[in-house]
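Before any comments, here is the structure.
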Amino acid sequence: MSDHIHSARPAGGKLLAVRGLNIAFGDKKIVKDLSFDITPGETLAIVGESGSGKSVTALSLLGLLGPRASVTGSIGFQGEELVPYDFDRLTRLRGNEVSIIFQEPMAALNPVYKIGQQLAGVIRNHLKLSPAEARERAMELLRKVKLPMPEIKYDQFPFELSGGQLQRVMIAMAIACCPKLLIADEPTTALDVTVQARILDLLRELQAEMGMSILFITHDFGVVADIADRVLVMRHGEKVETGPVEELFSAPRESYTRMLLSAVPSLKGKDFLEKPAELADDSDIVLDMRDVGITFFGRRGETMKALDGVDIAIKRNEVVALVGESGSGKSTLGNVAAGLLRINRGQVAIDGIVRQGPGAGRHIHTPGVSMVFQDANGSLNPRMRIGASLRAALKWSRRYKPELDCSDDHIRQLLAEVGLAPELFNRFPHELSGGQKQRVGIARALSVKPSLVVADEPTSALDVSVQKTVLELFRRLQQQYGFACIFITHDLSLAASISNRLVVMNRGRIVEQGATAEVLANPADAYTRALLDSIPLPDPAVQRARRAEHYSVGGASYGSRA
């Protein structure tokens, strides 16, 4: 491997110099007069809300915006001007000197080719190696990015790997030719905190070893605090401010930056949900699960216990956050509560009526339960106007609650309750922003007057500012209507902001539960402590101290990340 690695580069000079960059699609200007630099070995984080121009800026560096894009200004890489684009020059640059890691590795990888084939193909495209040499180099890279069992994973298809494993494969592809600049476009957004921590550690280790610079695009300020040297804040395609990460976090100059930082969820007690004066007593339990188990069977006869002896009771007016890594059983539990999955054992009762288990009928309809989905766009029919989507939910529920009002005036009132203008009644989903679509999802869930709402990662795809607005809306409506709520998330900071009680799940079992503040302040289970240790906190000084402490213990990865 050492033959392929660049030596450490001098600290002086500029690796990338962008001056007066303008990007337009037709008459619409996306990026306006943007200038910034990246020095050798430096990590620059670009932050901002959706539509701020972060990803468009990154793609423009490699000429990946397509023929409809108009790019003017100056992009200088190692003193060489890239604008106007020259295909031969970009071909030489891409993958060799500058590489990119995309947010969605499953979309970036070909699903019909094995992992090893794709990685070896990339290597042979850039390096003059024989098939055997390319395979050897690919295996070397897979080991370098710490992919478990690389000999087996090499011959597997993308769908057979987890999200974190796929992201490691993408990193291996990106560093195959030892680039001087690595562009990472939201590479950890869809990952659990523990997997995210390992990916950030890996990038930091590779950067130190190879001396490469990193352009890191994210909306997660905890990640920014953990990995960045400098930060560039963008809004509406323009630079708001830029500076060293410690300075920007401690003394942001611009009000927009202060707004973004104030919207970041925190584990501090002041951000905990204000508890109702009194929760309902035990006679008013909305959801009661006892010894619930679900087993999934694979094609080859293998079994997986998605839920294994789960006991949980949720009272009216209570918000319970389910946290844990992917595959821990969070969403499965929520789907059981909503009547979307049939259990193998145990009993599920909603509002005192046994829906599944001994004494239950054939059907598991749960008219007292509504869901708010993670993918707000995917949960709305693209061919139905917003008003029609809400009316459809009301009409379906009238068979159980005849008193529900399906009139246009009532639906417009529902939209107003979630802060949406009445004129959105006749809009299609594609005409709404992500935050507006999630508000429609909340309005639909509450329109049927549920006793229990299951919210499955409802804000994970939203920017921090939109996320904060949606959470505040959800919290206000929950306190107003008093419904019980299961709030599913892998973000403990969000759990701290929204829940009364925290339930930690691992491998289909509940490993710890209790009052949110108590569990976060004094976690009893090692798995809960591992989750807390993996959260990047939005404080560069704290993150630097954590890294120094854990690395000094003698591990290449810190805390529970190894």
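By order in the structure tokens, chains are A, B, ...; within a chain, residues start at 1; ligands start at 1, following the order shown.
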Set the distance at 9 Å and use only C-alpha atoms: which residues neighbour A:Phe296 once local chain neighbours fewer than 6 positions away are removed? I'd like the list as a CSV table (one decimal) with all heavy atoms, in the first residue's frame.
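Result saved to selection.csv:
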chain,number,residue,atom,x,y,z
A,302,GLU,N,-32.7,-19.7,7.8
A,302,GLU,CA,-32.2,-19.0,8.9
A,302,GLU,C,-33.3,-18.1,9.6
A,302,GLU,O,-34.3,-17.8,8.9
A,302,GLU,CB,-31.0,-18.1,8.6
A,302,GLU,CG,-31.4,-16.9,7.7
A,302,GLU,CD,-31.3,-17.3,6.2
A,302,GLU,OE1,-31.4,-18.5,5.8
A,302,GLU,OE2,-31.3,-16.3,5.4
A,303,THR,N,-33.2,-17.9,10.8
A,303,THR,CA,-34.2,-17.1,11.6
A,303,THR,C,-33.6,-15.9,12.2
A,303,THR,O,-32.4,-15.9,12.5
A,303,THR,CB,-34.9,-17.9,12.7
A,303,THR,OG1,-33.9,-18.4,13.6
A,303,THR,CG2,-35.6,-19.1,12.1
A,304,MET,N,-34.4,-14.8,12.4
A,304,MET,CA,-33.9,-13.6,13.1
A,304,MET,C,-35.0,-13.2,14.0
A,304,MET,O,-36.2,-13.0,13.6
A,304,MET,CB,-33.6,-12.5,12.1
A,304,MET,CG,-33.0,-11.3,12.8
A,304,MET,SD,-32.8,-9.9,11.7
A,304,MET,CE,-34.5,-9.3,11.6
A,305,LYS,N,-34.7,-13.0,15.3
A,305,LYS,CA,-35.7,-12.5,16.2
A,305,LYS,C,-35.7,-11.0,16.2
A,305,LYS,O,-34.8,-10.3,16.7
A,305,LYS,CB,-35.4,-13.0,17.6
A,305,LYS,CG,-35.6,-14.5,17.8
A,305,LYS,CD,-35.4,-14.9,19.2
A,305,LYS,CE,-35.7,-16.4,19.4
A,305,LYS,NZ,-35.5,-16.8,20.8
A,306,ALA,N,-36.7,-10.4,15.5
A,306,ALA,CA,-36.8,-8.9,15.4
A,306,ALA,C,-37.3,-8.3,16.7
A,306,ALA,O,-36.9,-7.2,17.1
A,306,ALA,CB,-37.8,-8.6,14.3
(request) Write out as a ChimeraX atom specification the residues lying within 10 Å of A:Ser447, counting only C-alpha atoms and excluding same-chain residues fewer than 4 positions away. (result) /A:370,390-391,393-394,397,404-406,410-411,414-415,441-443
(request) Per DSSP on the backbone, filter stretch 231-349 of chain A down to the residues in strand (DSSP E or B) and report them as a VMD selection string. (result) chain A and resid 231 to 235 238 to 244 285 to 297 303 to 315 319 to 323 345 to 349
(request) Take atom CA of A:Leu380 and atom CA of A:Gln103 and report the distance between them in Å, one decimal. (result) 23.5 Å
Give me, as CSV, each residue of stretch 177-245 of chain A that comes within 6 Å of stretch 43-53 of chain A, together with its shortest interatomic pair and the distance in Å at one decimal, counting only C-alpha atoms, with rows ordered by chain and rising residue number.
residue,atom,partner,partner_atom,distance
A:Ser213,CA,A:Thr43,CA,5.7
A:Ile214,CA,A:Thr43,CA,4.6
A:Leu215,CA,A:Leu44,CA,5.0
A:Phe216,CA,A:Ala45,CA,4.6
A:Ile217,CA,A:Ile46,CA,4.9
A:Thr218,CA,A:Val47,CA,5.6
A:His219,CA,A:Val47,CA,5.4
A:Ala228,CA,A:Thr43,CA,5.1
A:Asp229,CA,A:Thr43,CA,5.3
A:Arg230,CA,A:Leu44,CA,5.0
A:Val231,CA,A:Ala45,CA,4.8
A:Leu232,CA,A:Ile46,CA,4.7
A:Val233,CA,A:Val47,CA,5.0
A:Met234,CA,A:Gly48,CA,5.1
A:Arg235,CA,A:Ser52,CA,4.5
A:His236,CA,A:Ser52,CA,4.5
A:Gly237,CA,A:Gly53,CA,4.8
All heavy atoms of the current selection, written as a tab-separated table (two decimals), in the first residue's frame:
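Result file part-v6.tsv:
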chain	number	residue	atom	x	y	z
A	213	SER	N	-6.62	16.37	1.72
A	213	SER	CA	-7.58	17.36	2.21
A	213	SER	C	-8.99	16.79	2.05
A	213	SER	O	-9.22	15.92	1.21
A	213	SER	CB	-7.46	18.66	1.41
A	213	SER	OG	-6.16	19.20	1.50
A	214	ILE	N	-9.92	17.30	2.85
A	214	ILE	CA	-11.31	16.82	2.79
A	214	ILE	C	-12.24	18.01	2.70
A	214	ILE	O	-12.13	18.97	3.48
A	214	ILE	CB	-11.67	15.96	4.02
A	214	ILE	CG1	-10.80	14.70	4.08
A	214	ILE	CG2	-13.14	15.56	3.98
A	214	ILE	CD1	-11.07	13.82	5.30
A	215	LEU	N	-13.16	17.95	1.75
A	215	LEU	CA	-14.28	18.88	1.67
A	215	LEU	C	-15.50	18.12	2.16
A	215	LEU	O	-15.98	17.20	1.49
A	215	LEU	CB	-14.49	19.37	0.24
A	215	LEU	CG	-15.69	20.31	0.01
A	215	LEU	CD1	-15.54	21.58	0.81
A	215	LEU	CD2	-15.85	20.62	-1.47
A	216	PHE	N	-16.00	18.45	3.34
A	216	PHE	CA	-17.04	17.67	4.00
A	216	PHE	C	-18.34	18.47	4.03
A	216	PHE	O	-18.42	19.55	4.60
A	216	PHE	CB	-16.62	17.34	5.44
A	216	PHE	CG	-17.32	16.17	6.04
A	216	PHE	CD1	-16.70	14.94	6.11
A	216	PHE	CD2	-18.61	16.30	6.54
A	216	PHE	CE1	-17.36	13.85	6.67
A	216	PHE	CE2	-19.27	15.22	7.09
A	216	PHE	CZ	-18.65	13.99	7.17
A	217	ILE	N	-19.38	17.92	3.37
A	217	ILE	CA	-20.68	18.59	3.29
A	217	ILE	C	-21.63	17.91	4.27
A	217	ILE	O	-21.78	16.69	4.25
A	217	ILE	CB	-21.24	18.51	1.86
A	217	ILE	CG1	-20.31	19.23	0.89
A	217	ILE	CG2	-22.64	19.10	1.81
A	217	ILE	CD1	-20.65	19.00	-0.55
A	218	THR	N	-22.25	18.69	5.14
A	218	THR	CA	-23.16	18.13	6.13
A	218	THR	C	-24.09	19.20	6.67
A	218	THR	O	-23.83	20.40	6.51
A	218	THR	CB	-22.36	17.50	7.29
A	218	THR	OG1	-23.25	16.88	8.22
A	218	THR	CG2	-21.52	18.54	8.01
A	219	HIS	N	-25.20	18.75	7.30
A	219	HIS	CA	-26.02	19.69	8.06
A	219	HIS	C	-26.00	19.35	9.54
A	219	HIS	O	-26.73	19.94	10.33
A	219	HIS	CB	-27.48	19.70	7.54
A	219	HIS	CG	-28.19	18.38	7.69
A	219	HIS	ND1	-28.37	17.51	6.65
A	219	HIS	CD2	-28.75	17.79	8.76
A	219	HIS	CE1	-29.04	16.44	7.07
A	219	HIS	NE2	-29.26	16.59	8.35
A	228	ALA	N	-14.05	18.96	11.40
A	228	ALA	CA	-13.63	20.10	10.58
A	228	ALA	C	-12.51	20.92	11.22
A	228	ALA	O	-12.40	21.03	12.45
A	228	ALA	CB	-14.83	21.01	10.32
A	229	ASP	N	-11.67	21.49	10.34
A	229	ASP	CA	-10.71	22.51	10.76
A	229	ASP	C	-11.29	23.91	10.56
A	229	ASP	O	-11.14	24.79	11.40
A	229	ASP	CB	-9.41	22.39	9.94
A	229	ASP	CG	-8.74	21.05	10.15
A	229	ASP	OD1	-8.53	20.68	11.31
A	229	ASP	OD2	-8.43	20.38	9.15
A	230	ARG	N	-11.96	24.08	9.41
A	230	ARG	CA	-12.64	25.35	9.12
A	230	ARG	C	-14.05	25.05	8.62
A	230	ARG	O	-14.33	23.94	8.15
A	230	ARG	CB	-11.89	26.16	8.06
A	230	ARG	CG	-10.62	26.83	8.58
A	230	ARG	CD	-10.06	27.85	7.58
A	230	ARG	NE	-9.84	27.27	6.27
A	230	ARG	CZ	-10.50	27.64	5.17
A	230	ARG	NH1	-11.42	28.59	5.22
A	230	ARG	NH2	-10.24	27.06	4.02
A	231	VAL	N	-14.91	26.08	8.69
A	231	VAL	CA	-16.31	25.92	8.31
A	231	VAL	C	-16.70	27.04	7.36
A	231	VAL	O	-16.32	28.21	7.56
A	231	VAL	CB	-17.24	25.95	9.55
A	231	VAL	CG1	-18.68	25.66	9.14
A	231	VAL	CG2	-16.78	24.96	10.60
A	232	LEU	N	-17.44	26.67	6.31
A	232	LEU	CA	-18.04	27.62	5.39
A	232	LEU	C	-19.54	27.50	5.50
A	232	LEU	O	-20.11	26.42	5.26
A	232	LEU	CB	-17.59	27.35	3.95
A	232	LEU	CG	-18.34	28.05	2.83
A	232	LEU	CD1	-18.18	29.57	2.93
A	232	LEU	CD2	-17.88	27.55	1.46
A	233	VAL	N	-20.22	28.58	5.88
A	233	VAL	CA	-21.68	28.58	6.02
A	233	VAL	C	-22.28	29.20	4.76
A	233	VAL	O	-21.88	30.29	4.34
A	233	VAL	CB	-22.12	29.40	7.26
A	233	VAL	CG1	-23.63	29.34	7.42
A	233	VAL	CG2	-21.44	28.86	8.52
A	234	MET	N	-23.24	28.47	4.14
A	234	MET	CA	-23.87	28.95	2.92
A	234	MET	C	-25.38	29.12	3.12
A	234	MET	O	-26.00	28.39	3.90
A	234	MET	CB	-23.63	27.97	1.75
A	234	MET	CG	-22.20	27.91	1.29
A	234	MET	SD	-21.99	26.85	-0.18
A	234	MET	CE	-22.92	27.79	-1.42
A	235	ARG	N	-25.94	30.07	2.39
A	235	ARG	CA	-27.39	30.29	2.40
A	235	ARG	C	-27.80	30.87	1.05
A	235	ARG	O	-27.21	31.85	0.59
A	235	ARG	CB	-27.80	31.24	3.52
A	235	ARG	CG	-29.31	31.40	3.65
A	235	ARG	CD	-29.67	32.46	4.66
A	235	ARG	NE	-31.09	32.44	4.97
A	235	ARG	CZ	-31.71	33.39	5.65
A	235	ARG	NH1	-31.02	34.44	6.10
A	235	ARG	NH2	-33.01	33.31	5.89
A	236	HIS	N	-28.78	30.25	0.42
A	236	HIS	CA	-29.29	30.71	-0.88
A	236	HIS	C	-28.15	30.89	-1.89
A	236	HIS	O	-28.15	31.85	-2.67
A	236	HIS	CB	-30.06	32.02	-0.73
A	236	HIS	CG	-31.22	31.95	0.22
A	236	HIS	ND1	-32.05	30.85	0.30
A	236	HIS	CD2	-31.70	32.85	1.12
A	236	HIS	CE1	-32.98	31.08	1.22
A	236	HIS	NE2	-32.79	32.27	1.74
A	237	GLY	N	-27.18	29.98	-1.86
A	237	GLY	CA	-26.10	30.02	-2.84
A	237	GLY	C	-24.99	31.00	-2.55
A	237	GLY	O	-24.06	31.13	-3.35
(request) Using only C-alpha atoms, find the one residue out of A:Ile364, A:Glu160, A:Pro148, A:Asp351 that sits nearest to A:Lys114. (result)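 Looking at the shortest contact to A:Lys114, the residue is A:Glu160.
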Per-residue nearest contacts stretch 365-437 of chain A to stretch 463-471 of chain A, cut-off 10 Å, using only C-alpha atoms, as a tab-separated table:
residue	atom	partner	partner_atom	distance
A:Val418	CA	A:Val470	CA	9.0
A:Gly419	CA	A:Val470	CA	9.9
A:Gly434	CA	A:Val466	CA	8.5
A:Gly435	CA	A:Val466	CA	6.0
A:Gln436	CA	A:Val470	CA	9.1
(message) So, with only C-alpha atoms as the atoms that count, which of A:Arg94, A:Arg290, A:Arg544, A:Arg412 lies closest to A:Lys180?
(response)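 Under the stated criterion, the closest residue is A:Arg94.
Across the model, the gap from atom CA of A:Leu424 to atom CA of A:Arg439 is 11.4 Å.
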(request) Check stretch 241-482 of chain A with DSSP on the backbone and list each residue it calls alpha helix (DSSP H), as a PyMOL selection string. (result) chain A and resi 245-250+255-262+330-337+386-397+408-417+434-447+464-481
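Across the structure, atom CA of A:Pro382 and atom CA of A:Arg427 are spaced 10.3 Å apart.
For the set A:Val145, A:Leu82, A:Val224, A:Leu260, the residue with the smallest atom-to-atom gap to A:Asp539 is A:Val224, counting only C-alpha atoms.
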